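Trainee: This is the structure I have questions about; it appears just below.
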Amino acid sequence: VLDILKTMHPARSGALKKHQPPDNVEQVRVSTSKAQRFLFKMAGSDHSSPGSFGWTGSDLLPFRAGKSGGHGMMWQMSRLVALIANADGPPIFGFIVTCGSLFALHKLTPEEQLQRRVNELPPKLRPVNITCGILKWPLKLLMQSEEAKVAIARLSPIQMGLKARQGVEVVAHLFRSLYERGYLVCTTDFSNGFNAFSRQAMLDAVQEKCPALTKAFNAYYALDSMCFFSVDDEIETIWSTEGSRMGCVLGSFGFDLTVDKIYRAVIARIPDLIAKALTDDFTAAIPIPSNPSPEDFQVAYKKAGEFFRLTKSLSLEVARLELNFSKCHLLVHPEAPGLPSELLAACAPAAAPAPASTLAPAPASSSSSSSPLS
């Protein structure tokens with residue numbers, strides 16, 4: 001497990017470049033009073049697991065009834081939270097609070113895990129970083145800022161995975177409906193996306209799309225962070241040098257700002273494409289004309305191939321993200337003509353073309369029986 005977690009946290013080559021906050025953009029600031037109001041709520045509602053230094057919302061309960069002035073413990077905690085949110089501490093402070101403890105979450109069911117062990121295959125894991133609680137609270141305050149809300153709103157209507165009202169349901173119902181109308185539906189998956197994409201690309205995207213948070217990202221992401229993992233009562237250290245820390249409050253925000261450029265470029269280059277994203281799940285539908293001819297389907301299949309090719313090349317170019325073609329799918333309506341096997345070679349040149357029979361139509365609601373592109 002330790003070896004897998006280390007592999008999932010690739011080393012970065014080269015130093016990170018910090019951006020200077022623009023002179024005409026005021027950085028988000030959190031007052032001590034605002035931090036105190038927030039901590040009063042957290043004291044009764046934050047039940048998250050203790051992070052590297054043991055802080056949880058329940059730790060604040062004994063102080064909630066204390067003094068609200070400059071000598072009360074809650075006020076002093078609020079001053080600290082505001083200082084972290086405003087990134088006013090020394091650089092070493094950012095290094096300390098970004099330390100996190102890792103745990104490996106199994107991605108498969110117990111039955112599937114057993115089958116992989118029988119077949120002598122490594123487990124499929126999701127590394128979750130339980131970050132420092134004293135960092136989570138300030139970052140949550142930053143995400144409540146108007147500047148962050150505006151940046152998130154600008155990701156729509158493509159991005160539905162961040163603060164979008166019923167985003168998952170909207171995407172599921174949209175593509176189910178399009179599939180039933182005969183559209184081709186393409187789904188994608190990135191290999192180890194959160195941990196492996198370019199951290200420099202994330203810093204660049206923040207500077208471009210939400211420069212009011214440049215100072216905060218410089219403080220808590222323009223550096224390497226330690227992740228602790230316990231093995232047989234020994235503490236092992238894994239370095240997080242790329243991507244966003246899975247479990248970090250800013251993680252999805254930074255990822256979504258980065259991939260927005262990829263998604264928009266793909267959509268701009270393929271006419272009539274209908275596409276939505278749930279953070280790292282990018283799904284597209286390709287229309288089929290009424291009373292289509294076999295030639296119409298061939299045109300749609302070529303567009304599907306172009307979608308996968310563009311997504312693959314742009315993801316690598318912009319953020320060093322790699323598509324996992326074993327988990328990318330093309331859902332084909334039962335009434336569609338057979339899918340040409342050469343499409344596979346066009347979509348994933350490294351994969352051997354599969355016979356058309358393995359690309360059988362599948363209902364949009366069942367990803368387990370859909371058509372893999374490998």
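By convention here, the chains of the structure tokens are called A, B, ... in the order presented, each chain's residues are numbered starting at 1, and ligands are numbered starting at 1 in the order presented.
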Considering only alpha helix (DSSP H) as DSSP defines it on the backbone, what residues of stretch 83-257 of chain A qualify? List them as JSON, numbers by chain.
Mentor: {"A": [83, 84, 85, 91, 92, 93, 94, 95, 96, 97, 110, 111, 112, 113, 114, 115, 116, 117, 118, 133, 134, 135, 136, 137, 138, 139, 140, 141, 142, 143, 146, 147, 148, 149, 150, 151, 152, 153, 167, 168, 169, 170, 171, 172, 173, 174, 175, 176, 177, 178, 179, 180, 193, 194, 195, 196, 199, 200, 201, 202, 203, 204, 205, 206, 207, 208, 209, 214, 215, 216, 217, 218, 219, 220, 221, 251, 252, 253, 254, 255, 256, 257]}
Trainee: With C-alpha atoms retained, export the selected residues as an mmCIF file, in the first residue's frame.
Mentor:
data_model
loop_
_atom_site.group_PDB
_atom_site.id
_atom_site.type_symbol
_atom_site.label_atom_id
_atom_site.label_comp_id
_atom_site.auth_asym_id
_atom_site.auth_seq_id
_atom_site.Cartn_x
_atom_site.Cartn_y
_atom_site.Cartn_z
ATOM 1 C CA LEU A 83 -3.971 35.329 9.923
ATOM 2 C CA ILE A 84 -3.912 31.996 8.073
ATOM 3 C CA ALA A 85 -6.745 33.010 5.711
ATOM 4 C CA PRO A 91 6.614 30.931 4.811
ATOM 5 C CA ILE A 92 7.492 28.248 7.379
ATOM 6 C CA PHE A 93 3.975 28.569 8.746
ATOM 7 C CA GLY A 94 2.466 27.532 5.402
ATOM 8 C CA PHE A 95 4.752 24.513 5.330
ATOM 9 C CA ILE A 96 3.644 23.424 8.820
ATOM 10 C CA VAL A 97 -0.121 23.755 8.359
ATOM 11 C CA PRO A 110 -14.832 -6.260 -0.715
ATOM 12 C CA GLU A 111 -15.653 -8.939 -3.298
ATOM 13 C CA GLU A 112 -13.681 -7.139 -6.000
ATOM 14 C CA GLN A 113 -10.775 -6.603 -3.604
ATOM 15 C CA LEU A 114 -10.682 -10.335 -2.867
ATOM 16 C CA GLN A 115 -10.710 -11.166 -6.565
ATOM 17 C CA ARG A 116 -7.739 -8.872 -7.181
ATOM 18 C CA ARG A 117 -5.817 -10.542 -4.358
ATOM 19 C CA VAL A 118 -6.584 -13.960 -5.840
ATOM 20 C CA GLY A 133 -8.073 21.382 10.910
ATOM 21 C CA ILE A 134 -6.600 24.767 11.718
ATOM 22 C CA LEU A 135 -6.036 25.198 7.963
ATOM 23 C CA LYS A 136 -9.457 23.933 6.852
ATOM 24 C CA TRP A 137 -11.340 26.694 8.652
ATOM 25 C CA PRO A 138 -9.445 29.608 7.037
ATOM 26 C CA LEU A 139 -9.684 28.014 3.584
ATOM 27 C CA LYS A 140 -13.447 27.559 4.010
ATOM 28 C CA LEU A 141 -13.685 31.264 4.777
ATOM 29 C CA LEU A 142 -11.793 32.034 1.565
ATOM 30 C CA MET A 143 -14.186 29.872 -0.434
ATOM 31 C CA GLU A 146 -17.440 36.927 -3.220
ATOM 32 C CA GLU A 147 -14.332 36.639 -5.369
ATOM 33 C CA ALA A 148 -14.339 32.835 -5.096
ATOM 34 C CA LYS A 149 -18.084 32.689 -5.789
ATOM 35 C CA VAL A 150 -17.676 34.805 -8.933
ATOM 36 C CA ALA A 151 -14.842 32.589 -10.184
ATOM 37 C CA ILE A 152 -16.970 29.481 -9.602
ATOM 38 C CA ALA A 153 -19.946 31.042 -11.390
ATOM 39 C CA GLY A 167 -25.200 19.374 -10.371
ATOM 40 C CA VAL A 168 -24.891 15.574 -10.335
ATOM 41 C CA GLU A 169 -28.620 15.086 -10.922
ATOM 42 C CA VAL A 170 -28.681 17.641 -13.744
ATOM 43 C CA VAL A 171 -25.788 15.960 -15.558
ATOM 44 C CA ALA A 172 -27.197 12.446 -15.080
ATOM 45 C CA HIS A 173 -30.668 13.362 -16.346
ATOM 46 C CA LEU A 174 -29.304 15.452 -19.236
ATOM 47 C CA PHE A 175 -27.158 12.701 -20.711
ATOM 48 C CA ARG A 176 -29.721 9.994 -20.019
ATOM 49 C CA SER A 177 -32.214 12.045 -22.031
ATOM 50 C CA LEU A 178 -29.758 12.685 -24.858
ATOM 51 C CA TYR A 179 -28.797 9.022 -25.011
ATOM 52 C CA GLU A 180 -32.445 8.006 -25.313
ATOM 53 C CA GLY A 193 -5.941 13.241 -11.752
ATOM 54 C CA PHE A 194 -6.005 15.130 -8.465
ATOM 55 C CA ASN A 195 -2.583 14.004 -7.297
ATOM 56 C CA ALA A 196 -0.742 14.128 -10.604
ATOM 57 C CA ARG A 199 0.617 22.265 -9.672
ATOM 58 C CA GLN A 200 2.206 25.058 -11.700
ATOM 59 C CA ALA A 201 -0.766 24.952 -14.079
ATOM 60 C CA MET A 202 -3.042 25.367 -11.035
ATOM 61 C CA LEU A 203 -1.108 28.413 -9.799
ATOM 62 C CA ASP A 204 -1.297 29.860 -13.326
ATOM 63 C CA ALA A 205 -5.055 29.248 -13.513
ATOM 64 C CA VAL A 206 -5.676 30.934 -10.150
ATOM 65 C CA GLN A 207 -3.682 33.986 -11.264
ATOM 66 C CA GLU A 208 -5.760 34.142 -14.454
ATOM 67 C CA LYS A 209 -9.249 33.296 -13.182
ATOM 68 C CA THR A 214 -3.170 34.381 -5.601
ATOM 69 C CA LYS A 215 -1.539 35.181 -2.241
ATOM 70 C CA ALA A 216 -3.354 32.301 -0.511
ATOM 71 C CA PHE A 217 -2.412 29.782 -3.213
ATOM 72 C CA ASN A 218 1.189 30.991 -3.106
ATOM 73 C CA ALA A 219 1.244 30.376 0.639
ATOM 74 C CA TYR A 220 -0.378 26.934 0.680
ATOM 75 C CA TYR A 221 0.319 25.428 -2.758
ATOM 76 C CA GLY A 251 -8.397 21.241 -3.973
ATOM 77 C CA SER A 252 -11.476 20.969 -6.194
ATOM 78 C CA PHE A 253 -11.516 24.724 -6.749
ATOM 79 C CA GLY A 254 -7.917 24.744 -7.974
ATOM 80 C CA PHE A 255 -8.466 21.651 -10.130
ATOM 81 C CA ASP A 256 -11.628 23.050 -11.722
ATOM 82 C CA LEU A 257 -9.980 26.380 -12.547
#
Trainee: Can you pull out every residue within 12 Å of A:Ser78, counting only C-alpha atoms, but drop anything in the same chain fewer than 3 positions away, and send it as number ranges by chain?
Mentor: A: 30-40, 42, 60, 63-64, 68-75, 81-85, 134, 137-138, 141
Trainee: Counting only C-alpha atoms, which of A:Leu80, A:Cys132, A:Ile158, A:Val1 gets nearest to A:Ser101?
Mentor: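 When distances to A:Ser101 are compared using only C-alpha atoms, the smallest one comes from A:Cys132.
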Trainee: Could you name the residues that touch A:Leu314 at 10 Å or less, counting only C-alpha atoms, but leaving out those on the same chain fewer than 3 positions away, as a PyMOL selection string?
Mentor: chain A and resi 259+261-263+265-266+309-311+317-322
Trainee: Mind dumping the selected residues with all heavy atoms as a compact mmCIF listing (two decimals), in the first residue's frame?
Mentor:
# COMPACT_ATOMS: atom_id res chain seq x y z
N VAL A 259 -8.70 22.84 -15.25
CA VAL A 259 -9.23 22.06 -16.37
C VAL A 259 -10.26 22.83 -17.19
O VAL A 259 -10.63 22.40 -18.28
CB VAL A 259 -9.84 20.72 -15.88
CG1 VAL A 259 -8.77 19.84 -15.26
CG2 VAL A 259 -10.98 20.96 -14.90
N LYS A 261 -9.90 25.43 -18.90
CA LYS A 261 -9.28 25.78 -20.18
C LYS A 261 -9.33 24.60 -21.14
O LYS A 261 -9.56 24.77 -22.35
CB LYS A 261 -7.84 26.21 -19.93
CG LYS A 261 -7.08 26.64 -21.17
CD LYS A 261 -5.69 27.12 -20.80
CE LYS A 261 -4.92 27.61 -22.02
NZ LYS A 261 -3.56 28.11 -21.65
N ILE A 262 -9.13 23.39 -20.62
CA ILE A 262 -9.17 22.18 -21.45
C ILE A 262 -10.57 21.95 -21.98
O ILE A 262 -10.78 21.75 -23.19
CB ILE A 262 -8.71 20.96 -20.63
CG1 ILE A 262 -7.28 21.17 -20.11
CG2 ILE A 262 -8.82 19.68 -21.44
CD1 ILE A 262 -6.86 20.16 -19.07
N TYR A 263 -11.54 21.97 -21.08
CA TYR A 263 -12.92 21.67 -21.47
C TYR A 263 -13.42 22.67 -22.51
O TYR A 263 -14.06 22.29 -23.50
CB TYR A 263 -13.83 21.70 -20.24
CG TYR A 263 -13.49 20.67 -19.17
CD1 TYR A 263 -13.96 20.81 -17.87
CD2 TYR A 263 -12.70 19.56 -19.46
CE1 TYR A 263 -13.67 19.86 -16.89
CE2 TYR A 263 -12.40 18.62 -18.50
CZ TYR A 263 -12.88 18.77 -17.20
OH TYR A 263 -12.59 17.84 -16.23
N ALA A 265 -11.70 24.48 -24.62
CA ALA A 265 -11.00 24.32 -25.89
C ALA A 265 -11.57 23.15 -26.70
O ALA A 265 -11.74 23.24 -27.92
CB ALA A 265 -9.51 24.11 -25.64
N VAL A 266 -11.89 22.05 -26.01
CA VAL A 266 -12.48 20.89 -26.69
C VAL A 266 -13.84 21.26 -27.28
O VAL A 266 -14.14 20.97 -28.45
CB VAL A 266 -12.61 19.70 -25.73
CG1 VAL A 266 -13.41 18.57 -26.38
CG2 VAL A 266 -11.23 19.20 -25.30
N ARG A 309 -9.48 12.37 -28.84
CA ARG A 309 -8.13 12.80 -29.22
C ARG A 309 -7.80 14.18 -28.65
O ARG A 309 -6.73 14.41 -28.09
CB ARG A 309 -7.97 12.82 -30.75
CG ARG A 309 -7.75 11.46 -31.38
CD ARG A 309 -7.23 11.61 -32.81
NE ARG A 309 -8.16 12.36 -33.64
CZ ARG A 309 -9.19 11.83 -34.28
NH1 ARG A 309 -9.43 10.54 -34.18
NH2 ARG A 309 -9.99 12.58 -35.02
N LEU A 310 -8.75 15.10 -28.81
CA LEU A 310 -8.53 16.47 -28.32
C LEU A 310 -8.41 16.49 -26.80
O LEU A 310 -7.54 17.17 -26.25
CB LEU A 310 -9.68 17.38 -28.77
CG LEU A 310 -9.61 17.94 -30.17
CD1 LEU A 310 -10.88 18.70 -30.51
CD2 LEU A 310 -8.40 18.87 -30.32
N THR A 311 -9.31 15.78 -26.13
CA THR A 311 -9.27 15.77 -24.67
C THR A 311 -7.94 15.20 -24.19
O THR A 311 -7.33 15.71 -23.24
CB THR A 311 -10.44 14.95 -24.10
OG1 THR A 311 -11.68 15.47 -24.60
CG2 THR A 311 -10.46 15.01 -22.58
N GLU A 317 -1.17 18.66 -22.57
CA GLU A 317 -0.48 19.91 -22.87
C GLU A 317 -0.70 20.97 -21.78
O GLU A 317 0.25 21.64 -21.35
CB GLU A 317 -0.98 20.45 -24.21
CG GLU A 317 -0.43 21.82 -24.59
CD GLU A 317 -1.09 22.36 -25.86
OE1 GLU A 317 -1.62 21.55 -26.66
OE2 GLU A 317 -1.11 23.59 -26.02
N VAL A 318 -1.93 21.12 -21.32
CA VAL A 318 -2.26 22.19 -20.38
C VAL A 318 -1.88 21.83 -18.95
O VAL A 318 -1.36 22.67 -18.20
CB VAL A 318 -3.78 22.51 -20.46
CG1 VAL A 318 -4.19 23.47 -19.35
CG2 VAL A 318 -4.12 23.08 -21.82
N ALA A 319 -2.16 20.59 -18.53
CA ALA A 319 -2.01 20.26 -17.11
C ALA A 319 -1.29 18.95 -16.84
O ALA A 319 -1.27 18.50 -15.69
CB ALA A 319 -3.40 20.21 -16.47
N ARG A 320 -0.70 18.35 -17.86
CA ARG A 320 -0.02 17.06 -17.71
C ARG A 320 -0.97 15.98 -17.15
O ARG A 320 -0.55 15.10 -16.40
CB ARG A 320 1.24 17.18 -16.85
CG ARG A 320 2.35 17.95 -17.52
CD ARG A 320 3.73 17.57 -17.01
NE ARG A 320 3.88 17.77 -15.59
CZ ARG A 320 4.24 18.92 -15.04
NH1 ARG A 320 4.46 19.97 -15.80
NH2 ARG A 320 4.37 19.03 -13.75
N LEU A 321 -2.23 16.08 -17.50
CA LEU A 321 -3.22 15.07 -17.13
C LEU A 321 -3.27 14.01 -18.22
O LEU A 321 -3.21 14.33 -19.41
CB LEU A 321 -4.60 15.70 -16.99
CG LEU A 321 -4.91 16.40 -15.66
CD1 LEU A 321 -6.15 17.28 -15.81
CD2 LEU A 321 -5.12 15.39 -14.54
N GLU A 322 -3.40 12.75 -17.81
CA GLU A 322 -3.47 11.65 -18.77
C GLU A 322 -4.82 10.96 -18.67
O GLU A 322 -5.29 10.64 -17.57
CB GLU A 322 -2.34 10.65 -18.50
CG GLU A 322 -0.95 11.23 -18.73
CD GLU A 322 0.13 10.16 -18.64
OE1 GLU A 322 -0.22 8.97 -18.55
OE2 GLU A 322 1.32 10.54 -18.66
Trainee: For atom CA of A:Asp88 and atom CA of A:Asp224, determine how far apart the two atoms are, in Å to one decimal place.
Mentor: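 That distance, rounded to one decimal, is 18.8 Å.
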Trainee: For A:Arg264, which of A:Val332, A:Leu162, A:Ala15, A:Ala277 is the closest residue, counting only C-alpha atoms?
Mentor: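 Selected residue with least distance to A:Arg264: A:Ala277.
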Trainee: How far is it from atom CA of A:His47 to atom CA of A:Asp59, in Å with one decimal?
Mentor: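 Separation of atom CA of A:His47 and atom CA of A:Asp59: 10.1 Å.
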Trainee: Using only C-alpha atoms, which residue out of A:Gly247, A:Phe53, A:Leu273, A:Leu213 lies closest to A:Ala87?
Mentor: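 Closest candidate: A:Leu213.
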Trainee: May I ask for the distance between atom CA of A:Arg126 and atom CA of A:Ser313, given in Å to one decimal place?
Mentor: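 According to the coordinates, atom CA of A:Arg126 and atom CA of A:Ser313 are separated by 25.1 Å.
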Trainee: From the options A:Gln298, A:Thr56, A:Ser240, A:Ser145, which residue's atoms come nearest to A:Cys210, counting only C-alpha atoms?
Mentor: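 Looking only at the distances to A:Cys210, the closest residue turns out to be A:Ser145.
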Trainee: Any idea what's packed within 8 Å of A:Ile274, counting only C-alpha atoms, ignoring anything in its chain fewer than 4 positions away? Could you give it as a list in words?
Mentor: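 Counting only the stated atoms, we get Ile267, Ala284, Ala285 and Ile286 of chain A.
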Trainee: Excluding A:Thr7 and its own-chain neighbours fewer than 3 positions away, which residues fall within 12 Å of it when counting only C-alpha atoms? Please give them as a VMD selection string.
Mentor: chain A and resid 1 to 4 10 to 11 125 to 127 191 to 192 195 to 196 238 to 240 242
Trainee: Quick check for you: according to DSSP on this backbone, which residues of stretch 64-310 of chain A are classed as strand (DSSP E or B)? Reply as a PyMOL selection string.
Mentor: chain A and resi 100-106+125-131+159+184-187+190+225-231+234-240+274-278+281-286
Trainee: Which residue gives the smallest distance to A:Ala300 among A:Ser225, A:Asn119, A:Ser13, A:Pro271, with only C-alpha atoms counted?
Mentor: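 Smallest separation from A:Ala300 among the options: A:Pro271.
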Trainee: Restricting the calculation to only C-alpha atoms, which member of A:Asn86, A:Thr98, A:Thr258, A:Thr187 is positioned closest to A:Leu155?
Mentor: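 Looking at the shortest contact to A:Leu155, the residue is A:Thr258.
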